[in-house]
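J.: Before I ask anything, let me first share the structure, which is written out below as structure tokens.
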Amino acid sequence: MICSTLNLQMDTSKNNRPKHLNLVKIKMPVTAVVSILHRVSGIVLFLSIPYVVWLLSQSITSQAGFDYVVMLFNSNSGKFINIILLWAIVHHFYAGVRFLLLDIDFAISREATIKMAWLVNILVVVTLVILIFKVVL
Amino acid sequence: MSWQAQGYRAWFVQRLSAIYLLGSLLFIIGFLIVNPVNSYEDWRSHFYSPITNILVLLFFIAIMVHAWIGIRDIVIDYVHFAIARLIILILLMTALMGMTIWTTYILFTLVEL
């Protein structure tokens with residue numbers, strides 16, 4: 001009897017709480033987004049290492065290999081991959097600089113960290129747009 | 001330096017390699033803006049000197065070290081089963097070492113004195 005009453009109370013008090021963190025539903029602060037994307041871009045860059053070493057090996061060992069890499073970079077799938085990798089390196093670069101600045105206690109207040117996170121996002125978009133038009137396309 | 005790169009040492013090496021990579025990347029971008037690559041000969045001509053190739057190799061080794069600490073932290077965060085964690089870390093370490101040897105081989109075969 002006591003047990004069931006207790007259960008009922010627990011049910012009503014906890015009914016509307018989320019059972020686990022739903023990353024899609026919770027509203028994340030911009031600082032969390034920048035931080036998570038730093039990790040995601042890191043994984044993308046890790047996976048790109050063999051591709052980049054292969055590109056170096058292809059492009060540098062013969063004229064035919066160089067031509068093949070040029071052809072690859074001019075194809076649609078090649079451009080798509082290059083844009084993804086450029087996003088990863090650009091985000092990892094700016095977000096990484098932000099972390100290094102946080103390490104030396106630069107702009108450490110709550111307001112400043114949020115501003116710096118927005119600055120990272122803006123710089124990533126601007127740099128990426130410039131690189132896409134100047135280098136990729 | 002322990003390959004396990006634990007605690008403070010891992011934190012420090014990650015920052016050190018980050019700063020090194022940051023500087024190198026800016027230098028490489030600047031270099032390629034001043035010396036644009038328009039042909040295979042242009043591209044090949046940058047890789048004759050052993051000094052350049054050793055510097056490029058150091059850049060790649062810094063990438064491998066940075067990538068190892070980063071991926072190790074991610075695996076430790078998400079893989080909690082000890083054996084699985086160990087196997088994944090060994091595979092990733094082997095892959096990174098293999099790619100380092102591959103890069104070393106490529107760069108050393110390019111040297112012409």
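Going by the structure tokens order, chains are called A, B, ..., each with residues numbered from 1, while ligands are numbered from 1 in the order shown.
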Once you count only C-alpha atoms, which residues of chain A turn out to be within 10 Å of chain B? Could you give them as JSON, numbers by chain?

T.: {"A": [39, 42, 43, 45, 46, 47, 49, 50, 53, 54, 56, 57, 58, 59, 60, 61, 62, 63, 64, 65, 66, 67, 70, 93, 94, 96, 97, 99, 100, 103]}

J.: Which residues in segment 26-73 of chain B does DSSP call alpha helix (DSSP H)? List them as a PyMOL selection string.

T.: chain B and resi 26-34+40-45+50-73

J.: Check the smallest atom-to-atom distance from each of B:Leu58, B:Leu16, B:Val34, B:Ile88 to Arg72 of chain B using only C-alpha atoms, then report the winner.

T.: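 Of all the options, B:Ile88 lies closest to Arg72 of chain B.
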
J.: In Å, rounded to a single decimal, give me how far atom CA of Val56 of chain B is from atom CA of Met97 of chain B.

T.: 16.4 Å

J.: One decimal, Å: what's the distance from atom CA of Asn76 of chain A over to atom CA of Val33 of chain A, could you say?

T.: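 Between atom CA of Asn76 of chain A and atom CA of Val33 of chain A the gap is 29.1 Å.
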
J.: State, in Å with one decimal place, the distance from atom CA of Gly23 of chain B to atom CA of Ile114 of chain A.

T.: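 Those two atoms sit 25.8 Å apart.
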
J.: Find the residues around Leu128 of chain A up to 12 Å (only C-alpha atoms counted), leave out those fewer than 2 positions away in its own chain, and share them as a list in words.

T.: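 In the requested format, the answer is Asn82, Ile83, Ile84, Leu85, Leu86, Trp87, Ala88, Ile89, Val90, His91, Phe93, Tyr94, Val120, Asn121, Ile122, Leu123, Val124, Val125, Val126, Ile130, Leu131, Ile132, Phe133, Lys134, Val135 and Val136 of chain A.
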
J.: Please produce a file of those selected residues containing N, CA, C and O atoms, as an mmCIF file, in the first residue's frame.

T.:
data_model
loop_
_atom_site.group_PDB
_atom_site.id
_atom_site.type_symbol
_atom_site.label_atom_id
_atom_site.label_comp_id
_atom_site.auth_asym_id
_atom_site.auth_seq_id
_atom_site.Cartn_x
_atom_site.Cartn_y
_atom_site.Cartn_z
ATOM 1 N N ASN A 82 35.645 18.395 -51.257
ATOM 2 C CA ASN A 82 36.533 19.500 -50.898
ATOM 3 C C ASN A 82 35.827 20.540 -50.027
ATOM 4 O O ASN A 82 36.434 21.087 -49.103
ATOM 5 N N ILE A 83 34.538 20.810 -50.334
ATOM 6 C CA ILE A 83 33.800 21.790 -49.535
ATOM 7 C C ILE A 83 33.604 21.265 -48.107
ATOM 8 O O ILE A 83 33.793 21.999 -47.136
ATOM 9 N N ILE A 84 33.246 19.969 -47.970
ATOM 10 C CA ILE A 84 33.086 19.376 -46.638
ATOM 11 C C ILE A 84 34.401 19.472 -45.845
ATOM 12 O O ILE A 84 34.419 19.898 -44.689
ATOM 13 N N LEU A 85 35.501 19.102 -46.516
ATOM 14 C CA LEU A 85 36.805 19.120 -45.825
ATOM 15 C C LEU A 85 37.234 20.550 -45.495
ATOM 16 O O LEU A 85 37.806 20.798 -44.429
ATOM 17 N N LEU A 86 36.938 21.490 -46.392
ATOM 18 C CA LEU A 86 37.266 22.891 -46.115
ATOM 19 C C LEU A 86 36.472 23.395 -44.922
ATOM 20 O O LEU A 86 37.002 24.087 -44.053
ATOM 21 N N TRP A 87 35.166 23.028 -44.869
ATOM 22 C CA TRP A 87 34.372 23.428 -43.704
ATOM 23 C C TRP A 87 35.023 22.895 -42.431
ATOM 24 O O TRP A 87 35.184 23.628 -41.443
ATOM 25 N N ALA A 88 35.415 21.596 -42.464
ATOM 26 C CA ALA A 88 35.984 20.965 -41.271
ATOM 27 C C ALA A 88 37.253 21.695 -40.821
ATOM 28 O O ALA A 88 37.403 22.006 -39.639
ATOM 29 N N ILE A 89 38.157 21.984 -41.754
ATOM 30 C CA ILE A 89 39.426 22.609 -41.357
ATOM 31 C C ILE A 89 39.184 24.053 -40.891
ATOM 32 O O ILE A 89 39.781 24.495 -39.905
ATOM 33 N N VAL A 90 38.277 24.763 -41.572
ATOM 34 C CA VAL A 90 38.019 26.162 -41.196
ATOM 35 C C VAL A 90 37.375 26.224 -39.810
ATOM 36 O O VAL A 90 37.792 27.006 -38.952
ATOM 37 N N HIS A 91 36.370 25.364 -39.572
ATOM 38 C CA HIS A 91 35.732 25.371 -38.253
ATOM 39 C C HIS A 91 36.712 24.950 -37.162
ATOM 40 O O HIS A 91 36.796 25.582 -36.112
ATOM 41 N N PHE A 93 39.863 25.178 -37.147
ATOM 42 C CA PHE A 93 40.865 26.236 -36.990
ATOM 43 C C PHE A 93 40.349 27.344 -36.057
ATOM 44 O O PHE A 93 40.955 27.616 -35.015
ATOM 45 N N TYR A 94 39.206 27.950 -36.405
ATOM 46 C CA TYR A 94 38.703 29.084 -35.608
ATOM 47 C C TYR A 94 38.258 28.655 -34.218
ATOM 48 O O TYR A 94 38.551 29.327 -33.226
ATOM 49 N N VAL A 120 33.202 33.120 -33.972
ATOM 50 C CA VAL A 120 33.716 31.911 -34.633
ATOM 51 C C VAL A 120 32.768 31.511 -35.767
ATOM 52 O O VAL A 120 33.193 31.304 -36.902
ATOM 53 N N ASN A 121 31.457 31.456 -35.469
ATOM 54 C CA ASN A 121 30.484 31.072 -36.494
ATOM 55 C C ASN A 121 30.520 32.004 -37.697
ATOM 56 O O ASN A 121 30.495 31.556 -38.849
ATOM 57 N N ILE A 122 30.590 33.303 -37.429
ATOM 58 C CA ILE A 122 30.590 34.288 -38.516
ATOM 59 C C ILE A 122 31.861 34.142 -39.366
ATOM 60 O O ILE A 122 31.798 34.095 -40.592
ATOM 61 N N LEU A 123 33.023 34.019 -38.683
ATOM 62 C CA LEU A 123 34.292 33.880 -39.401
ATOM 63 C C LEU A 123 34.315 32.607 -40.244
ATOM 64 O O LEU A 123 34.830 32.610 -41.363
ATOM 65 N N VAL A 124 33.746 31.516 -39.701
ATOM 66 C CA VAL A 124 33.710 30.254 -40.446
ATOM 67 C C VAL A 124 32.916 30.443 -41.737
ATOM 68 O O VAL A 124 33.389 30.078 -42.822
ATOM 69 N N VAL A 125 31.719 31.041 -41.630
ATOM 70 C CA VAL A 125 30.867 31.221 -42.813
ATOM 71 C C VAL A 125 31.554 32.121 -43.839
ATOM 72 O O VAL A 125 31.655 31.766 -45.023
ATOM 73 N N VAL A 126 32.102 33.254 -43.390
ATOM 74 C CA VAL A 126 32.743 34.208 -44.305
ATOM 75 C C VAL A 126 33.945 33.553 -44.999
ATOM 76 O O VAL A 126 34.065 33.594 -46.228
ATOM 77 N N ILE A 130 34.342 32.592 -49.057
ATOM 78 C CA ILE A 130 35.482 33.097 -49.848
ATOM 79 C C ILE A 130 36.253 31.939 -50.470
ATOM 80 O O ILE A 130 36.543 31.930 -51.675
ATOM 81 N N LEU A 131 36.566 30.911 -49.651
ATOM 82 C CA LEU A 131 37.347 29.774 -50.151
ATOM 83 C C LEU A 131 36.598 29.017 -51.232
ATOM 84 O O LEU A 131 37.183 28.584 -52.224
ATOM 85 N N ILE A 132 35.276 28.848 -51.055
ATOM 86 C CA ILE A 132 34.497 28.100 -52.053
ATOM 87 C C ILE A 132 34.561 28.810 -53.394
ATOM 88 O O ILE A 132 34.790 28.181 -54.434
ATOM 89 N N PHE A 133 34.409 30.149 -53.394
ATOM 90 C CA PHE A 133 34.392 30.872 -54.673
ATOM 91 C C PHE A 133 35.797 31.064 -55.264
ATOM 92 O O PHE A 133 35.964 31.089 -56.463
ATOM 93 N N LYS A 134 36.801 31.208 -54.379
ATOM 94 C CA LYS A 134 38.164 31.481 -54.869
ATOM 95 C C LYS A 134 38.909 30.185 -55.231
ATOM 96 O O LYS A 134 39.727 30.165 -56.141
ATOM 97 N N VAL A 135 38.675 29.106 -54.457
ATOM 98 C CA VAL A 135 39.502 27.922 -54.612
ATOM 99 C C VAL A 135 38.757 26.740 -55.234
ATOM 100 O O VAL A 135 39.254 26.116 -56.161
ATOM 101 N N VAL A 136 37.549 26.438 -54.717
ATOM 102 C CA VAL A 136 36.881 25.203 -55.120
ATOM 103 C C VAL A 136 36.244 25.318 -56.492
ATOM 104 O O VAL A 136 36.473 24.476 -57.370
#

J.: May I ask which of the residues B:Ala84, B:Ile69, B:Leu113, B:Leu89 is the closest one to Gly7 of chain B, counting only C-alpha atoms?

T.: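 Once distances to Gly7 of chain B are computed over only C-alpha atoms, the minimum belongs to B:Ile69.
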